[in-house]
Every structure is written in C-alpha cells, then in structure tokens.
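Participant: Structure: model.pdb, PDB, C-alpha atoms, pLDDT in the B column.
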```pdb
ATOM      1  CA  MET X 404       0.000   0.000   0.000  1.00 51.00           C
ATOM      2  CA  THR X 405       2.746   2.422   0.896  1.00 65.00           C
ATOM      3  CA  GLY X 406       5.224   1.233  -1.686  1.00 73.00           C
ATOM      4  CA  ALA X 407       4.387   4.200  -3.913  1.00 84.00           C
ATOM      5  CA  ILE X 408       6.049   6.588  -1.550  1.00 94.00           C
ATOM      6  CA  PHE X 409       9.406   4.846  -1.657  1.00 95.00           C
ATOM      7  CA  ASP X 410       9.582   5.261  -5.416  1.00 94.00           C
ATOM      8  CA  ARG X 411       9.464   8.997  -4.846  1.00 96.00           C
ATOM      9  CA  LEU X 412      11.845   9.408  -1.915  1.00 97.00           C
ATOM     10  CA  THR X 413      15.549  10.067  -2.090  1.00 97.00           C
ATOM     11  CA  PHE X 414      17.553   8.969   0.921  1.00 97.00           C
ATOM     12  CA  THR X 415      21.041  10.063   1.901  1.00 95.00           C
ATOM     13  CA  ALA X 416      23.959   7.663   1.549  1.00 93.00           C
ATOM     14  CA  ASP X 417      23.144   6.634   5.141  1.00 94.00           C
ATOM     15  CA  GLY X 418      19.592   5.732   4.140  1.00 97.00           C
ATOM     16  CA  LEU X 419      18.043   8.722   5.885  1.00 98.00           C
ATOM     17  CA  ILE X 420      15.705  11.574   5.001  1.00 98.00           C
ATOM     18  CA  PRO X 421      14.963  14.694   7.058  1.00 98.00           C
ATOM     19  CA  ALA X 422      11.448  14.995   8.443  1.00 98.00           C
ATOM     20  CA  ILE X 423       9.809  18.146   9.771  1.00 98.00           C
ATOM     21  CA  ALA X 424       7.108  17.679  12.388  1.00 98.00           C
ATOM     22  CA  GLN X 425       4.429  20.356  12.327  1.00 98.00           C
ATOM     23  CA  GLN X 426       1.432  20.574  14.628  1.00 98.00           C
ATOM     24  CA  HIS X 427      -1.421  20.018  12.202  1.00 98.00           C
ATOM     25  CA  ASP X 428      -3.845  22.617  13.493  1.00 97.00           C
ATOM     26  CA  THR X 429      -1.678  25.445  14.804  1.00 97.00           C
ATOM     27  CA  GLY X 430       1.058  25.231  12.164  1.00 98.00           C
ATOM     28  CA  GLU X 431       3.777  25.266  14.814  1.00 98.00           C
ATOM     29  CA  VAL X 432       7.016  23.673  13.639  1.00 98.00           C
ATOM     30  CA  LEU X 433       7.908  21.301  16.457  1.00 98.00           C
ATOM     31  CA  MET X 434      11.148  19.628  15.429  1.00 98.00           C
ATOM     32  CA  LEU X 435      13.294  18.260  12.661  1.00 98.00           C
ATOM     33  CA  ALA X 436      14.469  14.680  12.878  1.00 98.00           C
ATOM     34  CA  TRP X 437      15.460  11.878  10.533  1.00 98.00           C
ATOM     35  CA  MET X 438      13.652   8.855   9.212  1.00 98.00           C
ATOM     36  CA  ASN X 439      14.792   5.742   7.406  1.00 98.00           C
ATOM     37  CA  ARG X 440      12.713   3.370   5.338  1.00 97.00           C
ATOM     38  CA  GLU X 441      11.821   1.228   8.332  1.00 98.00           C
ATOM     39  CA  SER X 442      10.733   4.153  10.495  1.00 98.00           C
ATOM     40  CA  ILE X 443       8.520   5.455   7.689  1.00 98.00           C
ATOM     41  CA  GLN X 444       6.935   2.045   7.299  1.00 97.00           C
ATOM     42  CA  GLU X 445       6.329   1.811  11.031  1.00 98.00           C
ATOM     43  CA  THR X 446       4.902   5.333  11.195  1.00 98.00           C
ATOM     44  CA  LEU X 447       2.454   4.565   8.408  1.00 97.00           C
ATOM     45  CA  ALA X 448       1.529   1.197   9.868  1.00 97.00           C
ATOM     46  CA  THR X 449       0.921   2.418  13.416  1.00 98.00           C
ATOM     47  CA  GLY X 450      -0.112   6.043  12.918  1.00 98.00           C
ATOM     48  CA  GLN X 451       2.402   7.041  15.592  1.00 98.00           C
ATOM     49  CA  VAL X 452       5.532   8.848  14.448  1.00 98.00           C
ATOM     50  CA  CYS X 453       8.746   6.842  14.576  1.00 98.00           C
ATOM     51  CA  TYR X 454      12.088   8.418  13.630  1.00 98.00           C
ATOM     52  CA  PHE X 455      15.573   7.016  13.268  1.00 98.00           C
ATOM     53  CA  SER X 456      17.966   8.210  15.931  1.00 97.00           C
ATOM     54  CA  ARG X 457      21.321   9.052  14.398  1.00 95.00           C
ATOM     55  CA  SER X 458      23.038   9.140  17.794  1.00 94.00           C
ATOM     56  CA  ARG X 459      21.642   5.818  18.945  1.00 95.00           C
ATOM     57  CA  GLN X 460      21.512   4.311  15.430  1.00 97.00           C
ATOM     58  CA  LYS X 461      18.139   2.740  15.994  1.00 97.00           C
ATOM     59  CA  LEU X 462      14.439   3.374  15.637  1.00 98.00           C
ATOM     60  CA  TRP X 463      13.203   6.174  17.835  1.00 97.00           C
ATOM     61  CA  ARG X 464       9.556   5.759  18.693  1.00 97.00           C
ATOM     62  CA  LYS X 465       8.775   9.334  19.590  1.00 97.00           C
ATOM     63  CA  GLY X 466       7.375   9.511  23.101  1.00 95.00           C
ATOM     64  CA  GLU X 467       8.145   5.896  23.962  1.00 93.00           C
ATOM     65  CA  THR X 468      10.016   6.973  27.096  1.00 90.00           C
ATOM     66  CA  SER X 469       8.478  10.380  27.781  1.00 91.00           C
ATOM     67  CA  GLY X 470       4.903   9.708  26.750  1.00 94.00           C
ATOM     68  CA  GLN X 471       5.061  12.749  24.453  1.00 95.00           C
ATOM     69  CA  THR X 472       3.911  10.914  21.349  1.00 97.00           C
ATOM     70  CA  GLN X 473       3.107  12.284  17.910  1.00 98.00           C
ATOM     71  CA  LYS X 474       0.029  10.993  16.168  1.00 98.00           C
ATOM     72  CA  LEU X 475       0.398  11.148  12.415  1.00 98.00           C
ATOM     73  CA  ILE X 476      -2.263  13.208  10.713  1.00 98.00           C
ATOM     74  CA  GLU X 477      -0.707  13.340   7.245  1.00 98.00           C
ATOM     75  CA  LEU X 478       2.623  12.643   5.590  1.00 98.00           C
ATOM     76  CA  ARG X 479       3.742  14.914   2.762  1.00 98.00           C
ATOM     77  CA  LEU X 480       6.862  14.951   0.639  1.00 98.00           C
ATOM     78  CA  ASP X 481       8.538  17.753  -1.167  1.00 98.00           C
ATOM     79  CA  CYS X 482       8.939  18.351  -4.888  1.00 97.00           C
ATOM     80  CA  ASP X 483      12.198  16.470  -5.222  1.00 96.00           C
ATOM     81  CA  GLY X 484      11.400  13.803  -2.641  1.00 98.00           C
ATOM     82  CA  ASP X 485      14.302  14.507  -0.335  1.00 97.00           C
ATOM     83  CA  ALA X 486      12.356  15.892   2.616  1.00 98.00           C
ATOM     84  CA  ILE X 487       9.235  14.871   4.506  1.00 98.00           C
ATOM     85  CA  LEU X 488       6.658  17.004   6.277  1.00 98.00           C
ATOM     86  CA  LEU X 489       4.748  15.232   9.024  1.00 98.00           C
ATOM     87  CA  LEU X 490       1.531  16.860  10.125  1.00 98.00           C
ATOM     88  CA  VAL X 491       1.091  15.555  13.630  1.00 98.00           C
ATOM     89  CA  ASP X 492      -0.932  15.881  16.755  1.00 98.00           C
ATOM     90  CA  GLN X 493       1.667  16.315  19.485  1.00 98.00           C
ATOM     91  CA  THR X 494       0.872  15.029  22.952  1.00 97.00           C
ATOM     92  CA  GLY X 495       2.366  17.517  25.392  1.00 96.00           C
ATOM     93  CA  VAL X 496       5.767  18.866  24.435  1.00 96.00           C
ATOM     94  CA  ALA X 497       7.974  17.873  21.509  1.00 97.00           C
ATOM     95  CA  CYS X 498      11.337  18.878  22.947  1.00 97.00           C
ATOM     96  CA  HIS X 499      13.404  16.857  25.411  1.00 95.00           C
ATOM     97  CA  THR X 500      13.987  20.125  27.309  1.00 96.00           C
ATOM     98  CA  GLY X 501      10.288  20.208  28.172  1.00 96.00           C
ATOM     99  CA  ARG X 502       9.455  22.939  25.684  1.00 97.00           C
ATOM    100  CA  ARG X 503       6.645  22.637  23.210  1.00 97.00           C
ATOM    101  CA  THR X 504       8.994  23.069  20.215  1.00 98.00           C
ATOM    102  CA  CYS X 505      12.689  22.394  19.733  1.00 98.00           C
ATOM    103  CA  PHE X 506      13.001  25.751  17.937  1.00 98.00           C
ATOM    104  CA  TYR X 507      12.921  27.911  21.036  1.00 98.00           C
ATOM    105  CA  THR X 508      16.137  29.837  20.399  1.00 98.00           C
ATOM    106  CA  ALA X 509      15.912  32.935  18.207  1.00 98.00           C
ATOM    107  CA  LEU X 510      18.535  35.303  16.939  1.00 97.00           C
ATOM    108  CA  ARG X 511      17.318  38.748  17.962  1.00 96.00           C
ATOM    109  CA  ASP X 512      19.377  41.913  17.847  1.00 93.00           C
ATOM    110  CA  GLY X 513      22.483  39.855  17.254  1.00 91.00           C
ATOM    111  CA  ALA X 514      22.043  37.664  20.318  1.00 95.00           C
ATOM    112  CA  LEU X 515      20.492  34.265  20.889  1.00 96.00           C
ATOM    113  CA  LYS X 516      17.406  34.397  23.074  1.00 97.00           C
ATOM    114  CA  GLU X 517      15.241  31.639  24.437  1.00 97.00           C
ATOM    115  CA  ILE X 518      11.739  32.600  23.438  1.00 97.00           C
ATOM    116  CA  CYS X 519       9.745  29.977  25.261  1.00 94.00           C
ATOM    117  CA  LEU X 520       9.998  28.312  28.624  1.00 95.00           C
ATOM    118  CA  PRO X 521       9.793  24.643  29.526  1.00 96.00           C
ATOM    119  CA  GLU X 522       6.240  23.532  30.238  1.00 95.00           C
ATOM    120  CA  VAL X 523       7.463  20.491  32.128  1.00 93.00           C
ATOM    121  CA  SER X 524      10.829  19.632  33.636  1.00 92.00           C
ATOM    122  CA  PRO X 525      12.952  17.104  31.735  1.00 89.00           C
ATOM    123  CA  ASP X 526      13.320  15.133  34.979  1.00 88.00           C
ATOM    124  CA  GLN X 527       9.593  14.751  35.103  1.00 88.00           C
ATOM    125  CA  LEU X 528       9.391  13.817  31.425  1.00 87.00           C
ATOM    126  CA  TYR X 529      11.855  10.984  31.651  1.00 81.00           C
ATOM    127  CA  ARG X 530      10.867   9.734  35.071  1.00 76.00           C
ATOM    128  CA  GLN X 531       7.919   7.986  33.490  1.00 54.00           C
ATOM    129  CA  THR X 532       8.635   4.322  33.198  1.00 52.00           C
ATOM    130  CA  THR X 533       6.357   1.601  32.097  1.00 47.00           C
TER     131      THR X 533
ATOM    132  CA  MET Y1308      27.668  40.304  15.760  1.00 51.00           C
ATOM    133  CA  THR Y1309      26.469  36.961  14.499  1.00 65.00           C
ATOM    134  CA  GLY Y1310      29.413  34.943  15.777  1.00 73.00           C
ATOM    135  CA  ALA Y1311      27.351  33.683  18.699  1.00 84.00           C
ATOM    136  CA  ILE Y1312      25.223  31.573  16.450  1.00 93.00           C
ATOM    137  CA  PHE Y1313      28.126  29.619  15.020  1.00 95.00           C
ATOM    138  CA  ASP Y1314      29.161  28.479  18.487  1.00 94.00           C
ATOM    139  CA  ARG Y1315      25.786  26.813  18.763  1.00 96.00           C
ATOM    140  CA  LEU Y1316      25.407  25.219  15.346  1.00 97.00           C
ATOM    141  CA  THR Y1317      26.482  21.735  14.352  1.00 97.00           C
ATOM    142  CA  PHE Y1318      27.187  21.247  10.681  1.00 97.00           C
ATOM    143  CA  THR Y1319      27.407  17.967   8.781  1.00 95.00           C
ATOM    144  CA  ALA Y1320      30.752  16.676   7.594  1.00 93.00           C
ATOM    145  CA  ASP Y1321      30.033  18.614   4.380  1.00 94.00           C
ATOM    146  CA  GLY Y1322      29.638  21.830   6.363  1.00 97.00           C
ATOM    147  CA  LEU Y1323      25.874  21.984   5.910  1.00 98.00           C
ATOM    148  CA  ILE Y1324      22.815  22.316   8.126  1.00 98.00           C
ATOM    149  CA  PRO Y1325      19.171  21.783   7.141  1.00 98.00           C
ATOM    150  CA  ALA Y1326      16.955  24.859   7.159  1.00 98.00           C
ATOM    151  CA  ILE Y1327      13.164  24.905   7.157  1.00 98.00           C
ATOM    152  CA  ALA Y1328      11.509  27.947   5.610  1.00 98.00           C
ATOM    153  CA  GLN Y1329       8.159  28.834   7.154  1.00 98.00           C
ATOM    154  CA  GLN Y1330       5.917  31.715   6.147  1.00 98.00           C
ATOM    155  CA  HIS Y1331       6.038  33.883   9.239  1.00 98.00           C
ATOM    156  CA  ASP Y1332       2.389  34.864   9.438  1.00 97.00           C
ATOM    157  CA  THR Y1333       0.474  31.885   8.070  1.00 97.00           C
ATOM    158  CA  GLY Y1334       2.724  29.156   9.490  1.00 98.00           C
ATOM    159  CA  GLU Y1335       2.905  27.404   6.129  1.00 98.00           C
ATOM    160  CA  VAL Y1336       6.014  25.255   5.735  1.00 98.00           C
ATOM    161  CA  LEU Y1337       7.387  26.279   2.363  1.00 98.00           C
ATOM    162  CA  MET Y1338      10.511  24.198   1.821  1.00 98.00           C
ATOM    163  CA  LEU Y1339      13.525  22.515   3.326  1.00 98.00           C
ATOM    164  CA  ALA Y1340      16.933  23.406   1.983  1.00 98.00           C
ATOM    165  CA  TRP Y1341      20.520  23.498   3.204  1.00 98.00           C
ATOM    166  CA  MET Y1342      22.768  26.272   4.421  1.00 98.00           C
ATOM    167  CA  ASN Y1343      26.477  26.514   5.043  1.00 98.00           C
ATOM    168  CA  ARG Y1344      28.301  29.031   7.171  1.00 97.00           C
ATOM    169  CA  GLU Y1345      28.689  31.483   4.300  1.00 98.00           C
ATOM    170  CA  SER Y1346      25.024  31.360   3.305  1.00 98.00           C
ATOM    171  CA  ILE Y1347      23.977  31.974   6.911  1.00 98.00           C
ATOM    172  CA  GLN Y1348      26.307  34.955   7.114  1.00 97.00           C
ATOM    173  CA  GLU Y1349      24.957  36.351   3.862  1.00 98.00           C
ATOM    174  CA  THR Y1350      21.343  35.792   4.927  1.00 98.00           C
ATOM    175  CA  LEU Y1351      21.920  37.652   8.173  1.00 97.00           C
ATOM    176  CA  ALA Y1352      23.846  40.439   6.470  1.00 97.00           C
ATOM    177  CA  THR Y1353      21.340  41.061   3.685  1.00 98.00           C
ATOM    178  CA  GLY Y1354      18.036  40.003   5.258  1.00 98.00           C
ATOM    179  CA  GLN Y1355      17.331  37.920   2.146  1.00 98.00           C
ATOM    180  CA  VAL Y1356      17.534  34.154   2.466  1.00 98.00           C
ATOM    181  CA  CYS Y1357      20.513  32.510   0.817  1.00 98.00           C
ATOM    182  CA  TYR Y1358      20.927  28.718   0.837  1.00 98.00           C
ATOM    183  CA  PHE Y1359      23.699  26.437  -0.328  1.00 98.00           C
ATOM    184  CA  SER Y1360      22.776  24.366  -3.361  1.00 97.00           C
ATOM    185  CA  ARG Y1361      24.013  20.817  -2.948  1.00 95.00           C
ATOM    186  CA  SER Y1362      23.471  20.025  -6.629  1.00 94.00           C
ATOM    187  CA  ARG Y1363      25.275  23.130  -7.883  1.00 95.00           C
ATOM    188  CA  GLN Y1364      27.699  23.273  -4.940  1.00 97.00           C
ATOM    189  CA  LYS Y1365      27.412  27.003  -4.601  1.00 97.00           C
ATOM    190  CA  LEU Y1366      25.444  29.706  -2.837  1.00 98.00           C
ATOM    191  CA  TRP Y1367      21.816  29.790  -3.860  1.00 97.00           C
ATOM    192  CA  ARG Y1368      20.342  33.219  -3.431  1.00 97.00           C
ATOM    193  CA  LYS Y1369      16.689  32.249  -3.268  1.00 97.00           C
ATOM    194  CA  GLY Y1370      14.735  34.068  -5.950  1.00 95.00           C
ATOM    195  CA  GLU Y1371      17.787  35.410  -7.754  1.00 94.00           C
ATOM    196  CA  THR Y1372      16.584  33.947 -11.044  1.00 90.00           C
ATOM    197  CA  SER Y1373      12.841  33.655 -10.437  1.00 91.00           C
ATOM    198  CA  GLY Y1374      12.254  36.787  -8.386  1.00 94.00           C
ATOM    199  CA  GLN Y1375      10.562  34.649  -5.707  1.00 95.00           C
ATOM    200  CA  THR Y1376      12.711  35.887  -2.849  1.00 97.00           C
ATOM    201  CA  GLN Y1377      12.416  35.168   0.856  1.00 98.00           C
ATOM    202  CA  LYS Y1378      12.808  38.047   3.250  1.00 98.00           C
ATOM    203  CA  LEU Y1379      14.153  36.871   6.582  1.00 98.00           C
ATOM    204  CA  ILE Y1380      11.906  37.716   9.502  1.00 98.00           C
ATOM    205  CA  GLU Y1381      13.654  35.638  12.154  1.00 98.00           C
ATOM    206  CA  LEU Y1382      16.213  32.851  12.353  1.00 98.00           C
ATOM    207  CA  ARG Y1383      15.767  30.190  15.018  1.00 98.00           C
ATOM    208  CA  LEU Y1384      17.789  27.119  15.884  1.00 98.00           C
ATOM    209  CA  ASP Y1385      16.765  23.922  17.550  1.00 98.00           C
ATOM    210  CA  CYS Y1386      17.741  22.529  20.920  1.00 97.00           C
ATOM    211  CA  ASP Y1387      20.793  20.687  19.696  1.00 96.00           C
ATOM    212  CA  GLY Y1388      21.799  23.229  17.072  1.00 98.00           C
ATOM    213  CA  ASP Y1389      21.622  20.926  14.090  1.00 97.00           C
ATOM    214  CA  ALA Y1390      18.610  22.448  12.355  1.00 98.00           C
ATOM    215  CA  ILE Y1391      17.504  25.971  11.504  1.00 98.00           C
ATOM    216  CA  LEU Y1392      14.012  27.413  11.223  1.00 98.00           C
ATOM    217  CA  LEU Y1393      13.737  30.474   9.010  1.00 98.00           C
ATOM    218  CA  LEU Y1394      10.643  32.572   9.462  1.00 98.00           C
ATOM    219  CA  VAL Y1395      10.324  34.321   6.141  1.00 98.00           C
ATOM    220  CA  ASP Y1396       8.117  36.497   4.056  1.00 98.00           C
ATOM    221  CA  GLN Y1397       7.900  34.660   0.749  1.00 98.00           C
ATOM    222  CA  THR Y1398       7.435  36.685  -2.407  1.00 97.00           C
ATOM    223  CA  GLY Y1399       5.127  34.677  -4.658  1.00 96.00           C
ATOM    224  CA  VAL Y1400       5.754  30.954  -4.690  1.00 96.00           C
ATOM    225  CA  ALA Y1401       8.521  29.006  -2.975  1.00 97.00           C
ATOM    226  CA  CYS Y1402       8.596  25.972  -5.255  1.00 97.00           C
ATOM    227  CA  HIS Y1403      10.292  25.772  -8.643  1.00 95.00           C
ATOM    228  CA  THR Y1404       7.149  24.018  -9.909  1.00 96.00           C
ATOM    229  CA  GLY Y1405       5.217  27.242  -9.393  1.00 96.00           C
ATOM    230  CA  ARG Y1406       3.447  26.067  -6.266  1.00 97.00           C
ATOM    231  CA  ARG Y1407       3.378  28.052  -3.079  1.00 97.00           C
ATOM    232  CA  THR Y1408       5.057  25.257  -1.086  1.00 98.00           C
ATOM    233  CA  CYS Y1409       7.336  22.397  -2.072  1.00 98.00           C
ATOM    234  CA  PHE Y1410       5.278  20.062   0.154  1.00 98.00           C
ATOM    235  CA  TYR Y1411       2.361  19.693  -2.212  1.00 98.00           C
ATOM    236  CA  THR Y1412       2.320  15.891  -2.354  1.00 98.00           C
ATOM    237  CA  ALA Y1413       0.398  14.064   0.364  1.00 98.00           C
ATOM    238  CA  LEU Y1414      -0.058  10.402   1.095  1.00 97.00           C
ATOM    239  CA  ARG Y1415      -3.810   9.905   1.301  1.00 96.00           C
ATOM    240  CA  ASP Y1416      -5.561   6.542   1.338  1.00 93.00           C
ATOM    241  CA  GLY Y1417      -2.314   4.868   0.373  1.00 91.00           C
ATOM    242  CA  ALA Y1418      -1.736   6.976  -2.730  1.00 95.00           C
ATOM    243  CA  LEU Y1419       0.264  10.103  -3.416  1.00 96.00           C
ATOM    244  CA  LYS Y1420      -1.895  13.077  -4.301  1.00 97.00           C
ATOM    245  CA  GLU Y1421      -0.980  16.574  -5.367  1.00 97.00           C
ATOM    246  CA  ILE Y1422      -2.906  18.804  -3.012  1.00 97.00           C
ATOM    247  CA  CYS Y1423      -2.181  22.191  -4.529  1.00 94.00           C
ATOM    248  CA  LEU Y1424      -1.850  23.506  -8.036  1.00 95.00           C
ATOM    249  CA  PRO Y1425       0.818  25.714  -9.544  1.00 96.00           C
ATOM    250  CA  GLU Y1426       0.022  29.392  -9.185  1.00 95.00           C
ATOM    251  CA  VAL Y1427       2.402  30.296 -11.963  1.00 93.00           C
ATOM    252  CA  SER Y1428       4.012  28.213 -14.692  1.00 92.00           C
ATOM    253  CA  PRO Y1429       7.680  27.325 -14.216  1.00 89.00           C
ATOM    254  CA  ASP Y1430       8.361  28.686 -17.714  1.00 88.00           C
ATOM    255  CA  GLN Y1431       7.084  32.034 -16.596  1.00 88.00           C
ATOM    256  CA  LEU Y1432       9.059  31.907 -13.370  1.00 86.00           C
ATOM    257  CA  TYR Y1433      12.379  31.309 -15.019  1.00 81.00           C
ATOM    258  CA  ARG Y1434      11.799  33.465 -18.071  1.00 76.00           C
ATOM    259  CA  GLN Y1435      12.515  36.496 -15.932  1.00 54.00           C
ATOM    260  CA  THR Y1436      15.989  37.734 -16.668  1.00 52.00           C
ATOM    261  CA  THR Y1437      17.624  40.848 -15.438  1.00 47.00           C
TER     262      THR Y1437
END
```
How does the structure come out when it is put into structure tokens?
Facilitator:
Amino acid sequence: MTGAIFDRLTFTADGLIPAIAQQHDTGEVLMLAWMNRESIQETLATGQVCYFSRSRQKLWRKGETSGQTQKLIELRLDCDGDAILLLVDQTGVACHTGRRTCFYTALRDGALKEICLPEVSPDQLYRQTT
Amino acid sequence: MTGAIFDRLTFTADGLIPAIAQQHDTGEVLMLAWMNRESIQETLATGQVCYFSRSRQKLWRKGETSGQTQKLIELRLDCDGDAILLLVDQTGVACHTGRRTCFYTALRDGALKEICLPEVSPDQLYRQTT
C-alpha cells in the first residue's frame, strides 16, 4: 500500500531523510528529525511517528520513554522527494527540554534568546517508566 | 555580531545544516533546503535568504533567477543546534514548480496526491531575466 512513496523518496547515503514535524492545526514547527525506510513504514503502519535516531543508530519511537507521542495526521513529501513534512498531533511537548517546540532559540538583535519556557521539567518527562 | 550563532550550530561533515523555511504569518512550511556558514552569514547580512545548493555546490540566493525571494523575519535554531528554522516572508511561490510550497504531495488513502496547483508556470518563473 505504501510502496508508492518509496519510489518517490531520495535517501542520503546513510539511508536517511529529514522529516519536519508540524502541529497540524496550529502550524507550529515542532522539530526536525530523521527517518529511514523502516521508520517510515512503522509510522504509516501504526499512525504514531517513529524516527531514526542518528546518535543511537536505531528506531526512535517518539514519546516511547516520555509519553510525548506524535500521532500522524498526514505525511507529505517535497517536490524532489528529499524531505518529509509530518503533520502531527503532538501530545504535550515535543522537545526533550520540556518545551513545546525544539526551535525555542531565536537570533534577535544579534544575540540568541530563548523565546519559550519549559512547560514540564525534563526530569519529570523521563521519570515515566512503564 | 552573528558569531554567537556559530558556536551553537552543528554542521554535517560537508559543512551543511538543514533549514526549514516557514511563512512567518500563516505558518505554512514552504521548503527545506541546506545552508552553510557562508550562506547563513549572507542571509543575516542582507536580510534575504541565501541557501547552499548541494546540486550546484554554490550559494543559492533564493529568488535570484525567479524573483521569488524570501525576506528573513527571524532565524531560530533547535535545541541541539543541528537544524535551523527560518521565518520568512515569501514573495510569490517558494517551489520551482510554481506552487506556493514544495510540500504539495500528500499520502492519502495509500496513494500520493498533489494537493495544490501551480500558481504560476515554471516557464514564466524562469523566463525572468535581469
């Protein structure tokens, strides 16, 4: 069923493709992460976003530890098939720092400023165990 | 003035970093492209977005040929400094196909569908010469 998409995607030499997660209703850009073929297949099969962690070199089921999952609303690809846009419904915060978005640092007047505060402490986020 | 940002950014081995362009007022994700240090410096100096073209291996001053420029409203970086979010004011369309956004292909009911039409023909876009 989802084979069609792989004919249109271009992966890096490492088998990865960048994916932007955007909150589907507010338009907020939450994060940029990477997917591989397997994580795309899993995301489409389960409806829950799964990335590929470059640092851990394994599937990263978003929210598996923190509970801050991303429900897939729609997957889009760009004109040359080398980037993915995931419209998602984010449970809680997207960022491991406890902020809603990972893009909380802005360059303003020549200096970097944090423009949003954590909504939850990282300790609290990762204390959740199953 | 902008040195602070480079202390916080992590580039790939090729000296690149992915950058998401988002229309600042509507929240529309327009495209994902790549920047290098020089293109970031130029973008900040001129206020007009400049990428690095991986296919042409040179600076890509967005809209230089087509006239579809992106005025920088704000540059943000993510929590681990390996992705950039550019809030921009897009003149006309962002995509070389003549569509407003490059992310015009959606996976719906297991098939890829084009969900927006070109607003201008590519021929017209690239006919403009100075």
Participant: For chain Y, which residue out of X:Cys482, X:Ala497, X:Ile518, X:Cys453 is the nearest one, using all atoms listed in the file?
Facilitator: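 Looking at the shortest contact to chain Y, the residue is X:Cys482.
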Participant: Pull out every residue of chain X sitting within 9 Å of chain Y, counting all atoms listed in the file, and send them as JSON, numbers by chain.
Facilitator: {"X": [404, 405, 406, 407, 408, 421, 423, 425, 429, 430, 431, 432, 434, 435, 436, 477, 478, 479, 480, 481, 482, 483, 485, 486, 487, 488, 498, 499, 500, 504, 505, 506, 507, 508, 509, 510, 511, 512, 513, 514, 515]}
Participant: Let's have the selection written as a PDB file, keeping the file's coordinate frame, with C-alpha atoms.
Facilitator:
```pdb
ATOM      1  CA  MET X 404       0.000   0.000   0.000  1.00 51.00           C
ATOM      2  CA  THR X 405       2.746   2.422   0.896  1.00 65.00           C
ATOM      3  CA  GLY X 406       5.224   1.233  -1.686  1.00 73.00           C
ATOM      4  CA  ALA X 407       4.387   4.200  -3.913  1.00 84.00           C
ATOM      5  CA  ILE X 408       6.049   6.588  -1.550  1.00 94.00           C
ATOM      6  CA  PRO X 421      14.963  14.694   7.058  1.00 98.00           C
ATOM      7  CA  ILE X 423       9.809  18.146   9.771  1.00 98.00           C
ATOM      8  CA  GLN X 425       4.429  20.356  12.327  1.00 98.00           C
ATOM      9  CA  THR X 429      -1.678  25.445  14.804  1.00 97.00           C
ATOM     10  CA  GLY X 430       1.058  25.231  12.164  1.00 98.00           C
ATOM     11  CA  GLU X 431       3.777  25.266  14.814  1.00 98.00           C
ATOM     12  CA  VAL X 432       7.016  23.673  13.639  1.00 98.00           C
ATOM     13  CA  MET X 434      11.148  19.628  15.429  1.00 98.00           C
ATOM     14  CA  LEU X 435      13.294  18.260  12.661  1.00 98.00           C
ATOM     15  CA  ALA X 436      14.469  14.680  12.878  1.00 98.00           C
ATOM     16  CA  GLU X 477      -0.707  13.340   7.245  1.00 98.00           C
ATOM     17  CA  LEU X 478       2.623  12.643   5.590  1.00 98.00           C
ATOM     18  CA  ARG X 479       3.742  14.914   2.762  1.00 98.00           C
ATOM     19  CA  LEU X 480       6.862  14.951   0.639  1.00 98.00           C
ATOM     20  CA  ASP X 481       8.538  17.753  -1.167  1.00 98.00           C
ATOM     21  CA  CYS X 482       8.939  18.351  -4.888  1.00 97.00           C
ATOM     22  CA  ASP X 483      12.198  16.470  -5.222  1.00 96.00           C
ATOM     23  CA  ASP X 485      14.302  14.507  -0.335  1.00 97.00           C
ATOM     24  CA  ALA X 486      12.356  15.892   2.616  1.00 98.00           C
ATOM     25  CA  ILE X 487       9.235  14.871   4.506  1.00 98.00           C
ATOM     26  CA  LEU X 488       6.658  17.004   6.277  1.00 98.00           C
ATOM     27  CA  CYS X 498      11.337  18.878  22.947  1.00 97.00           C
ATOM     28  CA  HIS X 499      13.404  16.857  25.411  1.00 95.00           C
ATOM     29  CA  THR X 500      13.987  20.125  27.309  1.00 96.00           C
ATOM     30  CA  THR X 504       8.994  23.069  20.215  1.00 98.00           C
ATOM     31  CA  CYS X 505      12.689  22.394  19.733  1.00 98.00           C
ATOM     32  CA  PHE X 506      13.001  25.751  17.937  1.00 98.00           C
ATOM     33  CA  TYR X 507      12.921  27.911  21.036  1.00 98.00           C
ATOM     34  CA  THR X 508      16.137  29.837  20.399  1.00 98.00           C
ATOM     35  CA  ALA X 509      15.912  32.935  18.207  1.00 98.00           C
ATOM     36  CA  LEU X 510      18.535  35.303  16.939  1.00 97.00           C
ATOM     37  CA  ARG X 511      17.318  38.748  17.962  1.00 96.00           C
ATOM     38  CA  ASP X 512      19.377  41.913  17.847  1.00 93.00           C
ATOM     39  CA  GLY X 513      22.483  39.855  17.254  1.00 91.00           C
ATOM     40  CA  ALA X 514      22.043  37.664  20.318  1.00 95.00           C
ATOM     41  CA  LEU X 515      20.492  34.265  20.889  1.00 96.00           C
TER      42      LEU X 515
END
```
Participant: Extract, using only C-alpha atoms, all DNA, RNA and protein residues at most 7 Å from stretch 1345-1349 of chain Y, discarding same-chain residues fewer than 2 positions from it, and format them as a ChimeraX atom specification.
Facilitator: /Y:1342-1343,1351-1353,1357-1359,1366
Participant: Just to confirm, what's the straight-line distance from atom CA of X:Leu419 to atom CA of Y:Gln1364 in Å (one decimal)?
Facilitator: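 Taking atom CA of X:Leu419 and atom CA of Y:Gln1364, their separation equals 20.5 Å.
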Participant: So how many Å separate atom CA of X:Thr415 and atom CA of X:Arg440, to one decimal?
Facilitator: 11.2 Å
Participant: List the residues selected by the PyMOL selection byres ((chain Y and resi 1370) around 10) in the file shown, writing them as a ChimeraX atom specification.
Facilitator: /Y:1355-1357,1367-1369,1371-1377,1397-1401,1403,1432-1433
Participant: Kindly give the distance, in Å, that separates atom CA of Y:Ser1360 and atom CA of Y:Trp1341, rounded to a single decimal.
Facilitator: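 Separation of atom CA of Y:Ser1360 and atom CA of Y:Trp1341: 7.0 Å.
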Participant: For the structure just given, write the atoms of stretch 440-444 of chain X, namely N, CA, C and O atoms, as a compact mmCIF listing (two decimals), in the first residue's frame.
Facilitator:
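The result, stored in decode_29.txt:
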```
# COMPACT_ATOMS: atom_id res chain seq x y z
N ARG X 440 13.82 4.09 5.97
CA ARG X 440 12.71 3.37 5.34
C ARG X 440 11.86 2.65 6.39
O ARG X 440 10.63 2.72 6.37
N GLU X 441 12.54 2.01 7.33
CA GLU X 441 11.82 1.23 8.33
C GLU X 441 10.96 2.12 9.23
O GLU X 441 9.83 1.77 9.59
N SER X 442 11.50 3.27 9.60
CA SER X 442 10.73 4.15 10.50
C SER X 442 9.52 4.75 9.76
O SER X 442 8.48 4.97 10.37
N ILE X 443 9.67 4.98 8.48
CA ILE X 443 8.52 5.45 7.69
C ILE X 443 7.45 4.36 7.63
O ILE X 443 6.26 4.62 7.84
N GLN X 444 7.89 3.16 7.36
CA GLN X 444 6.94 2.04 7.30
C GLN X 444 6.20 1.89 8.63
O GLN X 444 4.99 1.72 8.67
```
